[in-house]
Every structure is written in C-alpha cells, then in structure tokens.
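Worksheet: one structure, shown below.
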Amino acid sequence: VGERVQSASVAQQRCSNGAVRGIAYVTGNPTMGIANVGGTFTSAGVVFGRKFNCNGKAIQVRRASLGVFEIRFVGNPASSAVASGVGNAYAVVDPLPGGIFRVAVHPAGRDDPADQPFVIVLV
C-alpha cells in the first residue's frame, strides 16, 4: 500500500481522507438472527458477516430498538457513513457523538422499522 506500481499513481493510505475507513456487514448470530443482537455493545465476530476498521481496532454494535442499531468503529476518525439494507430493505444512517453511527432499517416501500441485516461503509 502506498508504493508505486509502474505508474504515477499510488494506492490510498489507510484511514486517509477519501479512503474507505470502515465496513461492517451486520447479520446477527446466524442461529438466532439480528433481532437478538443485545442492547450493550458487542464486538463478537458471530454478529458480523464481514468487518473492517482501517486502524485495526474493534467494531462494536448494539440493538437500540426494533430496526435501530448503533455501531461504533473504535478509534476511527470517520465522520461520514452510508448504509444499505440487505435484501428487500433500505437503511438510513445518522452520526452520533462519540464516533457512533445510528442505523435504522426499514422494509422497502414502508416506513416502519424492521430487524434486518445491513451494511455500513465509513468514508
């Protein structure tokens, strides 16, 4: 990363402006579902289908209420994120103090919250 490869361009440095700073695919425990993500932050690998934090630190998630999750990329400098529901759902994301992002998931075409998997990308 960051070395020239037969061109004038260089790879993007981790955690730099413009880089993807974090990704989390939140699925919940496959045997229990996403609705069983607890109300306290967890970094248990079983609740993630995929995860990446540019600084190598933990990613933590908790279920705040029906269809609403809070996720923290520990020590990550990102202040912007985009989220998407998985399958027939959409998601909206709002930044909160302390490096936390609140993700609300809704079935497509409806406005009521639903416990469904989602993907969040920090930039």
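Chains: A, B, ... in order of the structure tokens. Residues: from 1 per chain. Ligands: from 1, in order shown.
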
Counting only C-alpha atoms, what are the residues of region 10-54 of chain A within 9 Å of region 106-115 of chain A, and for each of them which pair of atoms is the nearest and at what distance in Å, to one decimal? Sort the table by chain and rising number, as JSON lines.
```
{"residue": "A:Gly33", "atom": "CA", "partner": "A:Asp115", "partner_atom": "CA", "distance": 8.6}
{"residue": "A:Ile34", "atom": "CA", "partner": "A:Asp115", "partner_atom": "CA", "distance": 6.2}
{"residue": "A:Ala35", "atom": "CA", "partner": "A:Asp115", "partner_atom": "CA", "distance": 5.5}
```

Interface rows for region 32-67 of chain A against region 83-99 of chain A: nearest pair, Å to one decimal, 12 Å, only C-alpha atoms, as JSON lines:
```
{"residue": "A:Ile34", "atom": "CA", "partner": "A:Val86", "partner_atom": "CA", "distance": 11.9}
{"residue": "A:Gly49", "atom": "CA", "partner": "A:Val86", "partner_atom": "CA", "distance": 11.6}
{"residue": "A:Ile59", "atom": "CA", "partner": "A:Gly99", "partner_atom": "CA", "distance": 11.0}
{"residue": "A:Gln60", "atom": "CA", "partner": "A:Gly99", "partner_atom": "CA", "distance": 11.0}
{"residue": "A:Gly67", "atom": "CA", "partner": "A:Ala91", "partner_atom": "CA", "distance": 9.3}
```

Who sits within 9 Å of Phe52 (chain A), only C-alpha atoms, same chain under 3 positions skipped, as a ChimeraX atom specification: /A:21-24,55-59,73

From the options A:Asn29, A:Gln116, A:Asn76, A:Asn36, which residue's atoms come nearest to Asn53 (chain A), counting only C-alpha atoms? A:Asn76

Strand (DSSP E) residues, from DSSP on the backbone, in region 20-62 of chain A, as a PDB file with N, CA and C atoms, in the first residue's frame:
```pdb
ATOM      1  N   GLY A  22     -13.992   2.143   6.976  1.00  0.00           N
ATOM      2  CA  GLY A  22     -14.567   1.024   7.700  1.00  0.00           C
ATOM      3  C   GLY A  22     -15.746   0.425   6.962  1.00  0.00           C
ATOM      4  N   ILE A  23     -15.957  -0.867   7.161  1.00  0.00           N
ATOM      5  CA  ILE A  23     -17.092  -1.583   6.585  1.00  0.00           C
ATOM      6  C   ILE A  23     -17.582  -2.574   7.632  1.00  0.00           C
ATOM      7  N   ALA A  24     -18.882  -2.683   7.753  1.00  0.00           N
ATOM      8  CA  ALA A  24     -19.450  -3.733   8.597  1.00  0.00           C
ATOM      9  C   ALA A  24     -20.723  -4.260   7.947  1.00  0.00           C
ATOM     10  N   TYR A  25     -20.795  -5.568   7.815  1.00  0.00           N
ATOM     11  CA  TYR A  25     -21.992  -6.257   7.365  1.00  0.00           C
ATOM     12  C   TYR A  25     -22.561  -6.902   8.621  1.00  0.00           C
ATOM     13  N   VAL A  26     -23.614  -6.313   9.158  1.00  0.00           N
ATOM     14  CA  VAL A  26     -24.188  -6.757  10.430  1.00  0.00           C
ATOM     15  C   VAL A  26     -25.334  -7.718  10.136  1.00  0.00           C
ATOM     16  N   PHE A  48     -21.250 -10.406  12.791  1.00  0.00           N
ATOM     17  CA  PHE A  48     -20.819  -9.727  11.569  1.00  0.00           C
ATOM     18  C   PHE A  48     -20.577 -10.741  10.457  1.00  0.00           C
ATOM     19  N   GLY A  49     -21.067 -10.422   9.262  1.00  0.00           N
ATOM     20  CA  GLY A  49     -20.727 -11.227   8.098  1.00  0.00           C
ATOM     21  C   GLY A  49     -19.371 -10.827   7.556  1.00  0.00           C
ATOM     22  N   ARG A  50     -19.031  -9.568   7.756  1.00  0.00           N
ATOM     23  CA  ARG A  50     -17.747  -9.016   7.321  1.00  0.00           C
ATOM     24  C   ARG A  50     -17.513  -7.756   8.119  1.00  0.00           C
ATOM     25  N   LYS A  51     -16.247  -7.450   8.407  1.00  0.00           N
ATOM     26  CA  LYS A  51     -15.954  -6.201   9.097  1.00  0.00           C
ATOM     27  C   LYS A  51     -14.530  -5.763   8.810  1.00  0.00           C
ATOM     28  N   PHE A  52     -14.342  -4.446   8.775  1.00  0.00           N
ATOM     29  CA  PHE A  52     -13.030  -3.849   8.527  1.00  0.00           C
ATOM     30  C   PHE A  52     -13.007  -2.479   9.184  1.00  0.00           C
ATOM     31  N   ASN A  53     -11.985  -2.226   9.966  1.00  0.00           N
ATOM     32  CA  ASN A  53     -11.744  -0.914  10.556  1.00  0.00           C
ATOM     33  C   ASN A  53     -10.337  -0.531  10.126  1.00  0.00           C
ATOM     34  N   ILE A  59     -14.803  -3.244  16.110  1.00  0.00           N
ATOM     35  CA  ILE A  59     -16.076  -2.700  15.646  1.00  0.00           C
ATOM     36  C   ILE A  59     -17.121  -3.271  16.586  1.00  0.00           C
ATOM     37  N   GLN A  60     -17.973  -2.396  17.123  1.00  0.00           N
ATOM     38  CA  GLN A  60     -18.963  -2.813  18.116  1.00  0.00           C
ATOM     39  C   GLN A  60     -20.357  -2.411  17.648  1.00  0.00           C
ATOM     40  N   VAL A  61     -21.330  -3.251  17.922  1.00  0.00           N
ATOM     41  CA  VAL A  61     -22.706  -2.966  17.536  1.00  0.00           C
ATOM     42  C   VAL A  61     -23.641  -3.313  18.692  1.00  0.00           C
ATOM     43  N   ARG A  62     -24.756  -2.609  18.757  1.00  0.00           N
ATOM     44  CA  ARG A  62     -25.819  -2.939  19.713  1.00  0.00           C
ATOM     45  C   ARG A  62     -27.157  -2.623  19.058  1.00  0.00           C
TER      46      ARG A  62
END
```

Step one, run DSSP on the backbone; step two, keep only residues of chain A assigned to helix (DSSP H, G or I); then write them as number ranges by chain. A: 34-36, 45-47

Write the residues of the preceding selection, restricted to C-alpha atoms, as a PDB file, in the first residue's frame.
```
ATOM      1  CA  ILE A  34     -30.236  -9.942  14.016  1.00  0.00           C
ATOM      2  CA  ALA A  35     -33.109  -9.242  16.434  1.00  0.00           C
ATOM      3  CA  ASN A  36     -31.053 -10.977  19.126  1.00  0.00           C
ATOM      4  CA  GLY A  45     -17.385 -11.898  15.306  1.00  0.00           C
ATOM      5  CA  VAL A  46     -20.523 -14.027  15.024  1.00  0.00           C
ATOM      6  CA  VAL A  47     -22.774 -10.942  14.615  1.00  0.00           C
TER       7      VAL A  47
END
```

Considering only C-alpha atoms, state which residue in the set A:Met32, A:Gln13, A:Val105, A:Thr42 is at the smallest distance from Val74 (chain A). A:Thr42

Figure out the distance between CA of Gly75 (chain A) and CA of Ser16 (chain A), please, to one decimal in Å.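 CA of Gly75 (chain A) lies at a distance of 13.5 Å from CA of Ser16 (chain A).
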